[in-house]
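Undergrad: entry_25.cif is reproduced below (mmCIF, C-alpha atoms).
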data_protein
#
loop_
_atom_site.label_atom_id
_atom_site.label_comp_id
_atom_site.auth_asym_id
_atom_site.auth_seq_id
_atom_site.Cartn_x
_atom_site.Cartn_y
_atom_site.Cartn_z
CA MET X 81 0.00 0.00 0.00
CA ILE X 82 1.20 3.51 -0.84
CA CYS X 83 0.56 6.39 1.57
CA TRP X 84 0.60 9.87 0.03
CA ILE X 85 0.70 12.70 2.57
CA ASN X 86 -0.60 16.18 1.80
CA PRO X 87 0.61 18.48 4.64
CA PHE X 88 -1.74 21.35 3.78
CA THR X 89 -0.75 23.48 6.77
CA GLY X 90 2.19 21.47 8.08
CA LEU X 91 2.85 18.20 9.85
CA ALA X 92 3.09 16.99 13.43
CA GLY X 93 3.18 13.49 14.85
CA ASP X 94 -0.32 13.69 16.34
CA MET X 95 -1.75 15.07 13.09
CA LEU X 96 -0.27 12.20 11.07
CA LEU X 97 -1.53 9.68 13.61
CA GLY X 98 -5.02 11.19 13.47
CA ALA X 99 -5.04 11.05 9.66
CA LEU X 100 -3.98 7.38 9.61
CA LEU X 101 -6.66 6.50 12.16
CA ASP X 102 -9.18 8.43 10.07
CA ALA X 103 -8.08 6.43 7.01
CA GLY X 104 -8.85 3.15 8.75
CA ALA X 105 -5.98 2.17 11.04
CA PRO X 106 -7.52 0.19 13.95
CA LEU X 107 -7.24 2.18 17.18
CA GLU X 108 -7.05 -0.91 19.43
CA GLN X 109 -4.18 -2.34 17.40
CA VAL X 110 -2.32 0.96 17.66
CA ARG X 111 -2.91 1.06 21.44
CA ALA X 112 -1.63 -2.50 21.77
CA SER X 113 1.63 -1.65 19.99
CA ILE X 114 2.17 1.34 22.27
CA GLY X 115 1.30 -0.74 25.34
CA ALA X 116 3.96 -3.29 24.41
CA THR X 117 6.65 -0.66 25.05
CA GLY X 118 5.91 -0.81 28.80
CA LEU X 119 5.06 2.88 28.90
CA THR X 120 2.52 3.68 31.64
CA GLY X 121 0.37 6.66 32.50
CA TRP X 122 -1.10 7.41 29.09
CA GLU X 123 -4.38 7.22 27.17
CA LEU X 124 -4.93 7.54 23.42
CA ASP X 125 -8.32 8.47 21.97
CA ALA X 126 -9.47 9.34 18.46
CA GLU X 127 -12.09 12.08 18.40
CA LYS X 128 -14.00 13.37 15.38
CA VAL X 129 -13.81 17.14 15.03
CA THR X 130 -15.02 19.63 12.43
CA VAL X 131 -12.52 22.24 11.29
CA HIS X 132 -13.73 24.93 8.88
CA GLY X 133 -16.46 22.55 7.69
CA LEU X 134 -14.07 19.60 7.22
CA THR X 135 -14.47 16.49 9.38
CA ALA X 136 -11.16 15.15 10.68
CA THR X 137 -9.82 12.92 13.44
CA SER X 138 -7.91 14.35 16.37
CA ALA X 139 -5.50 11.94 18.07
CA ARG X 140 -5.73 12.95 21.74
CA VAL X 141 -2.98 11.78 24.10
CA ARG X 142 -3.69 12.22 27.80
CA VAL X 143 -0.88 11.58 30.27
CA THR X 144 -0.55 11.45 34.03
CA ASP X 145 3.24 11.66 33.91
CA THR X 146 3.97 15.30 33.17
CA ALA X 147 7.76 14.91 32.77
CA THR X 148 8.87 16.36 29.45
CA GLU X 149 12.62 15.72 29.69
CA ARG X 150 14.21 12.29 29.33
CA ARG X 151 17.40 10.85 27.96
CA ALA X 152 17.01 9.64 24.40
CA ALA X 153 18.35 6.26 25.50
CA GLU X 154 15.32 5.79 27.78
CA LEU X 155 12.87 6.40 24.97
CA LEU X 156 14.84 4.17 22.59
CA GLU X 157 14.71 1.32 25.08
CA LEU X 158 10.94 1.65 25.37
CA ALA X 159 10.43 1.96 21.60
CA ALA X 160 12.53 -1.15 20.97
CA SER X 161 9.93 -3.18 22.90
CA ALA X 162 7.04 -2.15 20.64
CA ARG X 163 5.35 -4.97 18.77
CA PRO X 164 5.19 -6.23 16.10
CA GLU X 165 8.88 -5.94 15.21
CA PRO X 166 8.46 -3.58 12.20
CA VAL X 167 6.79 -1.07 14.53
CA ALA X 168 9.81 -1.14 16.84
CA THR X 169 12.17 -0.75 13.87
CA LEU X 170 10.47 2.38 12.51
CA SER X 171 9.98 3.87 15.99
CA THR X 172 13.61 3.46 17.00
CA ALA X 173 14.73 4.84 13.62
CA ALA X 174 12.68 7.99 14.23
CA LEU X 175 13.99 8.43 17.76
CA THR X 176 17.56 7.75 16.64
CA ALA X 177 17.20 10.46 13.99
CA ILE X 178 16.00 12.90 16.67
CA ALA X 179 18.85 11.99 19.02
CA ARG X 180 21.45 12.40 16.26
CA ALA X 181 20.00 15.78 15.24
CA GLU X 182 19.99 17.07 18.82
CA GLY X 183 23.45 15.63 19.48
CA ARG X 184 24.90 17.36 16.43
CA LEU X 185 23.29 20.69 17.33
CA HIS X 186 24.44 20.62 20.96
CA GLY X 187 27.79 18.84 20.50
CA THR X 188 26.63 15.86 22.58
CA ASP X 189 26.87 12.12 22.14
CA PRO X 190 23.43 11.07 20.78
CA ALA X 191 23.24 8.34 23.45
CA GLU X 192 23.53 11.01 26.17
CA VAL X 193 21.17 13.57 24.65
CA HIS X 194 18.48 14.88 26.97
CA LEU X 195 15.28 15.55 25.05
CA HIS X 196 13.24 18.44 26.35
CA GLU X 197 9.87 18.94 24.61
CA LEU X 198 10.39 15.60 22.82
CA GLY X 199 11.04 13.66 26.02
CA GLY X 200 7.43 13.40 27.16
CA HIS X 201 4.96 10.52 26.98
CA ASP X 202 3.04 12.11 24.14
CA ALA X 203 6.05 12.17 21.79
CA LEU X 204 6.65 8.43 22.26
CA VAL X 205 2.94 7.68 21.87
CA ASP X 206 2.81 9.67 18.62
CA ILE X 207 5.92 7.99 17.18
CA VAL X 208 5.00 4.41 18.07
CA GLY X 209 1.37 5.11 17.19
CA VAL X 210 2.23 6.28 13.66
CA ALA X 211 4.57 3.32 13.15
CA ALA X 212 1.83 0.95 14.30
CA ALA X 213 -0.80 2.59 12.09
CA LEU X 214 1.42 2.38 8.99
CA HIS X 215 2.08 -1.28 9.72
CA ALA X 216 -1.60 -2.07 10.33
CA LEU X 217 -2.56 -0.43 7.03
CA GLY X 218 0.06 -2.41 5.13
CA VAL X 219 1.93 0.70 3.98
CA THR X 220 5.19 -0.13 2.19
CA GLU X 221 5.86 3.25 0.55
CA VAL X 222 5.39 6.80 1.85
CA VAL X 223 5.28 9.83 -0.47
CA CYS X 224 4.80 13.39 0.76
CA ALA X 225 4.03 16.71 -0.93
CA PRO X 226 6.49 19.56 -0.17
CA LEU X 227 6.38 20.54 3.50
CA PRO X 228 5.31 24.14 4.22
CA LEU X 229 7.67 25.88 6.64
CA GLY X 230 6.45 28.71 8.86
CA THR X 231 8.22 31.86 9.99
CA GLY X 232 8.69 33.71 13.26
CA ARG X 233 9.91 32.23 16.54
CA VAL X 234 9.11 29.27 18.77
CA ARG X 235 9.78 28.89 22.50
CA ALA X 236 11.83 25.82 23.41
CA GLY X 237 13.76 24.51 26.39
CA HIS X 238 16.76 26.63 25.40
CA GLY X 239 14.72 29.82 24.92
CA LEU X 240 13.34 31.49 21.80
CA LEU X 241 14.40 29.84 18.56
CA PRO X 242 13.74 30.78 14.93
CA CYS X 243 11.13 28.91 12.91
CA PRO X 244 11.72 26.35 11.62
CA ALA X 245 13.47 25.10 14.76
CA PRO X 246 17.10 24.00 14.23
CA ALA X 247 16.30 20.38 15.10
CA THR X 248 13.49 20.32 12.55
CA LEU X 249 15.76 21.71 9.82
CA GLU X 250 18.40 19.11 10.66
CA LEU X 251 15.82 16.32 10.38
CA LEU X 252 14.52 17.71 7.08
CA THR X 253 17.89 17.31 5.34
CA GLY X 254 17.10 15.80 1.94
CA ALA X 255 13.36 16.55 2.17
CA THR X 256 11.44 18.89 -0.13
CA VAL X 257 10.11 22.05 1.55
CA THR X 258 8.38 25.25 0.53
CA GLY X 259 7.56 28.57 2.15
CA THR X 260 4.18 29.50 3.61
CA ASP X 261 2.46 32.60 4.93
CA LEU X 262 1.83 30.89 8.27
CA ARG X 263 3.76 32.03 11.32
CA GLY X 264 5.07 29.68 13.97
CA GLU X 265 6.00 26.02 13.92
CA THR X 266 4.29 24.21 11.04
CA VAL X 267 6.49 21.10 10.96
CA THR X 268 7.54 19.52 14.26
CA PRO X 269 10.69 17.48 14.88
CA THR X 270 8.51 14.44 15.56
CA GLY X 271 6.75 14.77 12.20
CA ALA X 272 10.05 15.30 10.36
CA ALA X 273 11.68 12.32 12.11
CA LEU X 274 8.80 10.00 11.22
CA LEU X 275 9.04 10.96 7.55
CA ARG X 276 12.79 10.35 7.60
CA ALA X 277 12.46 6.99 9.33
CA ALA X 278 9.79 5.86 6.86
CA GLY X 279 12.11 6.45 3.90
CA THR X 280 9.75 9.08 2.53
CA ARG X 281 10.20 10.47 -0.95
CA TYR X 282 8.71 13.81 -1.95
CA GLY X 283 6.54 14.80 -4.86
CA PRO X 284 3.02 14.75 -6.31
CA PRO X 285 0.65 11.80 -5.84
CA PRO X 286 2.25 8.70 -7.34
CA THR X 287 0.46 6.54 -9.88
CA MET X 288 -1.89 4.40 -7.79
CA THR X 289 -5.51 3.45 -7.24
CA PRO X 290 -6.83 5.40 -4.19
CA VAL X 291 -8.70 3.26 -1.66
CA ALA X 292 -9.06 5.56 1.38
CA THR X 293 -8.38 9.12 2.52
CA GLY X 294 -8.09 10.35 6.08
CA TYR X 295 -7.72 13.77 7.71
CA GLY X 296 -5.82 14.45 10.92
CA ALA X 297 -6.48 17.64 12.88
CA GLY X 298 -3.86 19.66 14.70
CA THR X 299 -4.45 21.49 17.96
CA ARG X 300 -3.68 24.92 16.52
CA VAL X 301 -6.71 26.93 15.32
CA LEU X 302 -6.20 28.90 12.11
CA ALA X 303 -8.49 31.77 11.14
CA ASP X 304 -8.78 31.11 7.42
CA ARG X 305 -8.12 27.41 6.76
CA PRO X 306 -8.45 23.97 8.36
CA ASN X 307 -5.31 22.94 10.22
CA VAL X 308 -5.24 19.38 8.93
CA VAL X 309 -3.00 16.90 7.17
CA ALA X 310 -4.50 14.53 4.61
CA VAL X 311 -3.30 11.02 3.82
CA THR X 312 -4.43 9.02 0.81
CA LEU X 313 -3.90 5.28 0.72
CA GLY X 314 -3.59 3.67 -2.68
CA ARG X 315 -2.71 0.41 -4.32
CA PRO X 316 0.15 0.53 -6.84
CA LEU X 317 -0.79 -0.34 -10.39
CA THR X 318 -0.90 -4.09 -10.77
CA PRO X 319 2.10 -5.14 -12.84
CA THR X 320 1.08 -6.90 -16.02
CA GLY X 321 2.88 -9.64 -17.89
CA ALA X 322 5.79 -11.87 -16.97
CA ASP X 323 8.24 -8.96 -17.07
CA HIS X 324 6.68 -7.34 -13.94
CA THR X 325 5.86 -4.06 -15.66
CA ALA X 326 2.95 -1.68 -15.75
CA VAL X 327 2.33 0.41 -18.86
CA GLU X 328 1.47 4.10 -18.51
CA ALA X 329 1.32 7.20 -20.69
CA VAL X 330 4.14 9.74 -20.38
CA VAL X 331 5.09 12.98 -22.12
CA THR X 332 8.58 13.98 -23.26
CA LEU X 333 9.33 17.71 -23.43
CA GLU X 334 12.40 18.84 -25.39
CA THR X 335 14.10 22.07 -26.42
CA ASN X 336 17.42 22.87 -28.17
CA LEU X 337 19.67 25.32 -26.34
CA ASP X 338 22.88 26.90 -27.65
CA ASP X 339 23.06 29.95 -25.39
CA VAL X 340 22.50 28.53 -21.89
CA THR X 341 25.30 27.81 -19.43
CA GLY X 342 25.91 24.52 -17.70
CA GLU X 343 24.96 26.10 -14.37
CA VAL X 344 21.54 27.07 -15.72
CA LEU X 345 20.98 23.61 -17.21
CA ALA X 346 21.82 21.95 -13.87
CA HIS X 347 19.42 24.33 -12.11
CA VAL X 348 16.57 23.59 -14.54
CA ILE X 349 17.04 19.83 -14.24
CA ALA X 350 16.94 20.06 -10.44
CA ARG X 351 13.84 22.29 -10.53
CA ALA X 352 12.08 19.95 -12.97
CA LEU X 353 12.62 16.98 -10.65
CA GLU X 354 11.38 19.02 -7.68
CA GLU X 355 8.24 19.91 -9.66
CA GLY X 356 7.37 16.28 -10.35
CA ALA X 357 9.30 15.29 -13.47
CA LEU X 358 9.95 11.57 -13.75
CA ASP X 359 13.40 12.29 -15.16
CA SER X 360 15.37 15.09 -16.80
CA TRP X 361 18.65 15.08 -18.73
CA THR X 362 20.59 16.70 -21.56
CA THR X 363 22.23 15.36 -24.72
CA PRO X 364 24.87 17.16 -26.80
CA ALA X 365 23.95 18.39 -30.29
CA VAL X 366 25.35 20.47 -33.15
CA MET X 367 22.98 23.14 -34.44
CA LYS X 368 23.03 25.47 -37.43
CA LYS X 369 26.31 27.21 -38.28
CA GLY X 370 28.14 24.45 -36.39
CA ARG X 371 27.13 25.75 -32.98
CA PRO X 372 27.55 23.26 -30.10
CA ALA X 373 24.36 22.94 -28.09
CA GLN X 374 22.44 20.83 -25.58
CA VAL X 375 18.99 19.28 -25.93
CA LEU X 376 17.12 19.53 -22.64
CA HIS X 377 14.72 16.62 -22.06
CA VAL X 378 12.03 16.40 -19.37
CA LEU X 379 9.98 13.23 -18.88
CA ALA X 380 6.64 13.72 -17.13
CA ARG X 381 3.21 12.30 -16.51
CA PRO X 382 0.46 14.07 -18.49
CA GLU X 383 -0.92 15.96 -15.47
CA ALA X 384 2.47 17.61 -14.83
CA THR X 385 3.16 18.63 -18.42
CA GLU X 386 1.87 22.21 -18.35
CA ARG X 387 3.78 23.38 -15.28
CA LEU X 388 7.00 21.70 -16.45
CA ARG X 389 6.70 23.27 -19.91
CA GLU X 390 6.25 26.69 -18.30
CA LEU X 391 9.27 26.02 -16.11
CA MET X 392 11.44 25.22 -19.14
CA LEU X 393 10.29 28.35 -20.96
CA ALA X 394 10.81 30.65 -17.99
CA GLU X 395 14.19 29.30 -16.84
CA THR X 396 15.92 28.86 -20.20
CA GLY X 397 14.41 31.66 -22.28
CA THR X 398 13.82 29.24 -25.14
CA LEU X 399 11.25 30.21 -27.76
CA GLY X 400 9.65 26.78 -28.04
CA VAL X 401 9.27 23.36 -26.43
CA ARG X 402 8.51 20.18 -28.38
CA GLN X 403 6.08 17.73 -26.85
CA SER X 404 5.49 14.06 -27.64
CA VAL X 405 3.23 11.50 -25.99
CA GLN X 406 4.70 8.05 -25.42
CA THR X 407 4.12 4.97 -23.31
CA ARG X 408 6.58 3.44 -20.88
CA ALA X 409 6.71 0.07 -19.17
CA ALA X 410 7.56 0.81 -15.53
CA VAL X 411 8.97 -1.96 -13.35
CA HIS X 412 7.19 -2.30 -10.03
CA ARG X 413 9.34 -0.99 -7.18
CA THR X 414 9.07 0.01 -3.51
CA MET X 415 11.16 2.20 -1.21
CA ARG X 416 12.43 0.40 1.89
CA GLY X 417 14.03 1.86 5.00
CA VAL X 418 17.01 0.17 6.69
CA GLU X 419 19.64 1.31 9.18
CA ILE X 420 23.43 1.21 8.92
CA ASP X 421 24.90 1.59 12.42
CA GLY X 422 21.81 3.55 13.42
CA VAL X 423 21.71 5.83 10.36
CA PRO X 424 18.53 5.54 8.21
CA VAL X 425 19.14 4.62 4.56
CA ARG X 426 16.44 4.33 1.91
CA VAL X 427 16.70 1.46 -0.55
CA LYS X 428 14.78 1.24 -3.82
CA GLN X 429 13.78 -2.38 -4.36
CA GLY X 430 12.34 -4.07 -7.43
CA PRO X 431 11.77 -7.67 -8.51
CA PHE X 432 15.33 -8.00 -9.83
CA GLY X 433 17.36 -6.35 -7.09
CA ALA X 434 17.79 -3.35 -4.82
CA LYS X 435 19.86 -0.16 -4.74
CA ALA X 436 20.47 2.25 -1.88
CA GLU X 437 19.75 5.96 -2.39
CA HIS X 438 23.07 7.71 -2.99
CA ASP X 439 22.35 10.77 -0.81
CA ASP X 440 21.50 8.52 2.14
CA THR X 441 24.55 6.31 1.65
CA ALA X 442 26.77 9.40 1.46
CA THR X 443 25.30 10.69 4.73
CA ALA X 444 25.70 7.30 6.41
CA SER X 445 29.27 7.01 5.13
CA ARG X 446 30.12 10.41 6.60
CA LEU X 447 28.49 9.67 9.97
CA THR X 448 29.78 6.12 10.41
CA GLY X 449 33.17 6.41 8.78
CA LEU X 450 32.45 3.40 6.55
CA PRO X 451 33.38 3.52 2.86
CA LEU X 452 30.50 4.53 0.60
CA ARG X 453 30.52 1.24 -1.31
CA VAL X 454 30.38 -0.73 1.97
CA VAL X 455 27.35 1.26 3.15
CA ALA X 456 25.57 0.76 -0.19
CA GLU X 457 26.21 -2.98 -0.23
CA ARG X 458 25.16 -3.48 3.41
CA ALA X 459 21.97 -1.49 2.84
CA ARG X 460 21.13 -3.53 -0.26
CA ARG X 461 21.63 -6.81 1.55
CA LEU X 462 19.57 -5.70 4.56
CA ALA X 463 16.67 -4.64 2.33
CA GLU X 464 16.69 -7.92 0.44
CA GLN X 465 16.90 -9.94 3.68
CA GLU X 466 14.11 -8.04 5.44
CA HIS X 467 11.82 -7.66 2.41
CA PRO X 468 12.50 -10.41 -0.12
CA ASP X 469 10.39 -9.87 -3.21
CA PRO X 470 8.71 -13.19 -4.12
CA PRO X 471 8.67 -14.33 -7.74
CA MET X 472 5.76 -12.89 -9.71
CA GLU X 473 3.57 -14.91 -11.96
CA LYS X 474 2.03 -13.57 -15.12
CA GLY X 475 -0.79 -11.19 -14.28
CA GLY X 476 -0.07 -11.40 -10.55
CA THR X 477 1.03 -8.96 -7.91
CA PRO X 478 4.22 -9.07 -5.85
#
Go ahead and render the structure in this file as C-alpha cells.
TA:
Amino acid sequence: MICWINPFTGLAGDMLLGALLDAGAPLEQVRASIGATGLTGWELDAEKVTVHGLTATSARVRVTDTATERRAAELLELAASARPEPVATLSTAALTAIARAEGRLHGTDPAEVHLHELGGHDALVDIVGVAAALHALGVTEVVCAPLPLGTGRVRAGHGLLPCPAPATLELLTGATVTGTDLRGETVTPTGAALLRAAGTRYGPPPTMTPVATGYGAGTRVLADRPNVVAVTLGRPLTPTGADHTAVEAVVTLETNLDDVTGEVLAHVIARALEEGALDSWTTPAVMKKGRPAQVLHVLARPEATERLRELMLAETGTLGVRQSVQTRAAVHRTMRGVEIDGVPVRVKQGPFGAKAEHDDTATASRLTGLPLRVVAERARRLAEQEHPDPPMEKGGTP
C-alpha cells in the first residue's frame, strides 16, 4: 500500500496519527503496539472534530506523567519493545534520527542527549502510534508533498528559537520544503523524524488506485483554513505480464539550447525533478552554423506537463518546447528503510534487485566512517533480507 501525505498546513506526529486513524488504522491495534513498550500513565483516543467545515480525526494523548525531559536512551529502550517488530524498527529509527540531530546541534553524544519537549509521553505515543498505524494499514511506501515551513519564533527549552526550529531543519535534510504565509512552527521534529524513518520520498501523488483518505487535525486553530494533514492510501498499479511491468502514458518535453550555461541547465534539471518530473537530462547536439548545443529533455506524466513546460520556458528563455506522448513500461518498485549503524538509509527495491539511495549512503558514510561502497552494499543486503520480493507470476502482484 502507498501512503501519500498532503501536509496542507504542516505536519506533526499527532496530526499524522489522526489522519492514519481516520483512514482506517484500527485504534485498538495501535494502542496494543504502544502498550507493548511498557510505557505507563497514558491514554490515546481518536475524536472526530469539524474544522472549517471539514471532518477530521484528532489523536488525543492524555498523560498522568507530566515529565517532558528524558534521555534519548530511555525512549529508545521503550520503543525497541514495541510490537510487532516492524513497529519497533520504525519507531527506533525515528527516535535515533531525533537523538542524532539534537546531538549534532548541541555537541553531545546522541546516546547522552536529553530531550526536552520531545522527552514526554506524548512524543513516544505519537511515534510508536504512527509506526503501528502504517504497519496495520500495510503501507510499504510513503510519499509526501512539499512541507510548508512557517516563519517567526518558537519557545523551546533553550529559549526562543527561529522557525523552523534548528532540530526540525536538521531532520529535514534531503526533504522537499516550501515557504508558507503561516507564522510559527508548522512542521515539528517528531513529524520530520517520522518521515525520515519511513524512507519518505517527496513529490506529487504517485500513480496508484486510491482506496481511502483520512484527515488528521492539529491542535492549533487557524483563522482562514483547516489545520489538517491529509493522507491518501492507494494500491500501486498491478504489474502486467511476466516482465513485472505496468504500462502508462508519459510525455517527453524537449528544447534545443545553444546559449544557456551549464549552471543554468543543472538548475533547470533540479527544478524539474522538484516539480514532479519523472526524469530530466541533456544530450549534446550540433545546431546550425556548427554551434555546439544541448537538448534539454524532461519526462513527465500528463498531469504535470503544463507546469513543467512553463518552467522550461521561464528558466531557459527558449522560444519553443517540443512535446510528444509516449508509453513506458515501468517496473514495479518500492522504497524500503534500513539502518546502517543507526543511520537511516532508503533502498529502492524491485523484482530483480535493490539499490540504496546515494544521498542517504553518502550521509551514512560520513556519519559512520564506513566507505561509501560498503554502506551501499550493506543497505542492499539488509533490504533484500528483510523484504524479499517473491517471484511474480504472469498477471499477478508481488
Undergrad: Please report the interatomic distance between CA of Ala116 in chain X and CA of Ala162 in chain X in Å with one decimal.
TA: 5.0 Å
Undergrad: Hey, what's within 9 Å of Arg111 in chain X if we count only C-alpha atoms and toss same-chain stuff fewer than 4 positions away? As a PyMOL selection string, please?
TA: chain X and resi 106-107+115-116+123-124+205+209+212
Undergrad: Name all residues at most 10 Å from Gly254 in chain X (count all atoms listed in the file; drop same-chain ones fewer than 2 positions away) and give them as a PDB file with C-alpha atoms, in the coordinates of the input.
TA:
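Listing of out-v8.pdb after writing:
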ATOM      1  CA  LEU X 249      15.760  21.710   9.820  1.00  0.00           C
ATOM      2  CA  GLU X 250      18.400  19.110  10.660  1.00  0.00           C
ATOM      3  CA  LEU X 251      15.820  16.320  10.380  1.00  0.00           C
ATOM      4  CA  LEU X 252      14.520  17.710   7.080  1.00  0.00           C
ATOM      5  CA  THR X 256      11.440  18.890  -0.130  1.00  0.00           C
ATOM      6  CA  VAL X 257      10.110  22.050   1.550  1.00  0.00           C
ATOM      7  CA  ARG X 276      12.790  10.350   7.600  1.00  0.00           C
ATOM      8  CA  THR X 280       9.750   9.080   2.530  1.00  0.00           C
ATOM      9  CA  ARG X 281      10.200  10.470  -0.950  1.00  0.00           C
ATOM     10  CA  TYR X 282       8.710  13.810  -1.950  1.00  0.00           C
ATOM     11  CA  ASP X 439      22.350  10.770  -0.810  1.00  0.00           C
ATOM     12  CA  ASP X 440      21.500   8.520   2.140  1.00  0.00           C
TER      13      ASP X 440
END
Undergrad: Excluding Arg458 in chain X and its own-chain neighbours fewer than 5 positions away, which residues fall within 9 Å of it when counting only C-alpha atoms? Please give them as a list in words.
TA: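 These residues fall inside the cut-off: Ile420, Arg453 and Ala463 of chain X.
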Undergrad: Could you tell me how far CA of Thr144 in chain X sits from CA of Thr120 in chain X, in Å to one decimal place?
TA: 8.7 Å
Undergrad: Determine, counting only C-alpha atoms, which protein, DNA and RNA residues have an atom within 10 Å of an atom of range 330-339 of chain X; residues of the same chain fewer than 5 positions away are not included. Present the result as a ChimeraX atom specification.
TA: /X:345,357-368,371-385,388-389,392-393,396-408
Undergrad: Please write the residues from the selection above to a file, keeping C-alpha atoms, as an mmCIF file, in the frame of the given file.
TA:
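Ended up saving to again.cif:
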data_model
loop_
_atom_site.group_PDB
_atom_site.id
_atom_site.type_symbol
_atom_site.label_atom_id
_atom_site.label_comp_id
_atom_site.auth_asym_id
_atom_site.auth_seq_id
_atom_site.Cartn_x
_atom_site.Cartn_y
_atom_site.Cartn_z
ATOM 1 C CA LEU X 345 20.980 23.610 -17.210
ATOM 2 C CA ALA X 357 9.300 15.290 -13.470
ATOM 3 C CA LEU X 358 9.950 11.570 -13.750
ATOM 4 C CA ASP X 359 13.400 12.290 -15.160
ATOM 5 C CA SER X 360 15.370 15.090 -16.800
ATOM 6 C CA TRP X 361 18.650 15.080 -18.730
ATOM 7 C CA THR X 362 20.590 16.700 -21.560
ATOM 8 C CA THR X 363 22.230 15.360 -24.720
ATOM 9 C CA PRO X 364 24.870 17.160 -26.800
ATOM 10 C CA ALA X 365 23.950 18.390 -30.290
ATOM 11 C CA VAL X 366 25.350 20.470 -33.150
ATOM 12 C CA MET X 367 22.980 23.140 -34.440
ATOM 13 C CA LYS X 368 23.030 25.470 -37.430
ATOM 14 C CA ARG X 371 27.130 25.750 -32.980
ATOM 15 C CA PRO X 372 27.550 23.260 -30.100
ATOM 16 C CA ALA X 373 24.360 22.940 -28.090
ATOM 17 C CA GLN X 374 22.440 20.830 -25.580
ATOM 18 C CA VAL X 375 18.990 19.280 -25.930
ATOM 19 C CA LEU X 376 17.120 19.530 -22.640
ATOM 20 C CA HIS X 377 14.720 16.620 -22.060
ATOM 21 C CA VAL X 378 12.030 16.400 -19.370
ATOM 22 C CA LEU X 379 9.980 13.230 -18.880
ATOM 23 C CA ALA X 380 6.640 13.720 -17.130
ATOM 24 C CA ARG X 381 3.210 12.300 -16.510
ATOM 25 C CA PRO X 382 0.460 14.070 -18.490
ATOM 26 C CA GLU X 383 -0.920 15.960 -15.470
ATOM 27 C CA ALA X 384 2.470 17.610 -14.830
ATOM 28 C CA THR X 385 3.160 18.630 -18.420
ATOM 29 C CA LEU X 388 7.000 21.700 -16.450
ATOM 30 C CA ARG X 389 6.700 23.270 -19.910
ATOM 31 C CA MET X 392 11.440 25.220 -19.140
ATOM 32 C CA LEU X 393 10.290 28.350 -20.960
ATOM 33 C CA THR X 396 15.920 28.860 -20.200
ATOM 34 C CA GLY X 397 14.410 31.660 -22.280
ATOM 35 C CA THR X 398 13.820 29.240 -25.140
ATOM 36 C CA LEU X 399 11.250 30.210 -27.760
ATOM 37 C CA GLY X 400 9.650 26.780 -28.040
ATOM 38 C CA VAL X 401 9.270 23.360 -26.430
ATOM 39 C CA ARG X 402 8.510 20.180 -28.380
ATOM 40 C CA GLN X 403 6.080 17.730 -26.850
ATOM 41 C CA SER X 404 5.490 14.060 -27.640
ATOM 42 C CA VAL X 405 3.230 11.500 -25.990
ATOM 43 C CA GLN X 406 4.700 8.050 -25.420
ATOM 44 C CA THR X 407 4.120 4.970 -23.310
ATOM 45 C CA ARG X 408 6.580 3.440 -20.880
#
Undergrad: Please, what distance in Å, to one decimal, runs between CA of Leu175 in chain X and CA of Ala273 in chain X?
TA: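 Pair CA of Leu175 in chain X / CA of Ala273 in chain X returns 7.2 Å.
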Undergrad: Got a sec: who's within 12 Å of Val129 in chain X, counting only C-alpha atoms, leaving out chain neighbours fewer than 2 positions off, as a ChimeraX atom specification?
TA: /X:98-99,102,126-127,131-140,295-299,306-308
Undergrad: Looking at all atoms listed in the file, which of X:Ala245, X:Val267, X:Ile114, X:Ala272 is the one that sits closest to Ala168 in chain X?
TA: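 For Ala168 in chain X, the nearest of the candidates is X:Ile114.
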Undergrad: Choose the residue, out of X:Arg151, X:Arg300, X:Arg233, X:His215, that has the smallest atom-to-atom separation from Val167 in chain X; count all atoms listed in the file.
TA: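 Looking at the shortest contact to Val167 in chain X, the residue is X:His215.
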Undergrad: Closest to Ala103 in chain X among X:Asp125, X:Gln429, X:Cys243, X:Trp84, using all atoms listed in the file?
TA: X:Trp84
Undergrad: The PyMOL selection byres ((chain X and resi 274) around 9) on the file shown: which residues, as JSON, numbers by chain?
TA: {"X": [93, 170, 171, 173, 174, 175, 177, 207, 210, 211, 269, 270, 271, 272, 273, 275, 276, 277, 278, 279, 280]}
Undergrad: Name the residues, using the chain letters and numbers of the file, that sit within 8 Å of (19.5, -4.7, 0.4) when counting all atoms listed in the file, and give them as number ranges by chain.
TA: X: 427, 429, 433-436, 457-465
Undergrad: Applying the PyMOL selection byres ((chain X and resi 89) around 7) to the file I just gave you, which residues come out? Please list them as a list in words.
TA: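 Evaluating the PyMOL selection byres ((chain X and resi 89) around 7) on these coordinates yields Pro87, Phe88, Gly90, Pro228, Thr266, Asn307, Val308 and Val309 of chain X.
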Undergrad: Expanded to explicit residues, what is the PyMOL selection byres ((chain X and resi 448) around 9) for this file, as a list of chain:residue names?
TA: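 Going through the file, the PyMOL selection byres ((chain X and resi 448) around 9) ends up selecting X:Ile420, X:Asp421, X:Gly422, X:Val423, X:Thr443, X:Ala444, X:Ser445, X:Arg446, X:Leu447, X:Gly449, X:Leu450, X:Pro451.
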Undergrad: Using all atoms listed in the file, find the one residue out of X:Ala292, X:Val110, X:Ala329, X:Leu96 that sits nearest to Ile82 in chain X.
TA: X:Ala292
Undergrad: I need the residue nearest Glu395 in chain X from this list: X:Glu343, X:Glu182, X:Asp304, X:Asp94. Use all atoms listed in the file for the distance.
TA: X:Glu343
Undergrad: Out of X:Leu391, X:Arg184, X:Thr312, X:Ala216, which residue has the shortest atom-to-atom distance to His347 in chain X when counting all atoms listed in the file?
TA: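 The closest residue to His347 in chain X is X:Leu391.
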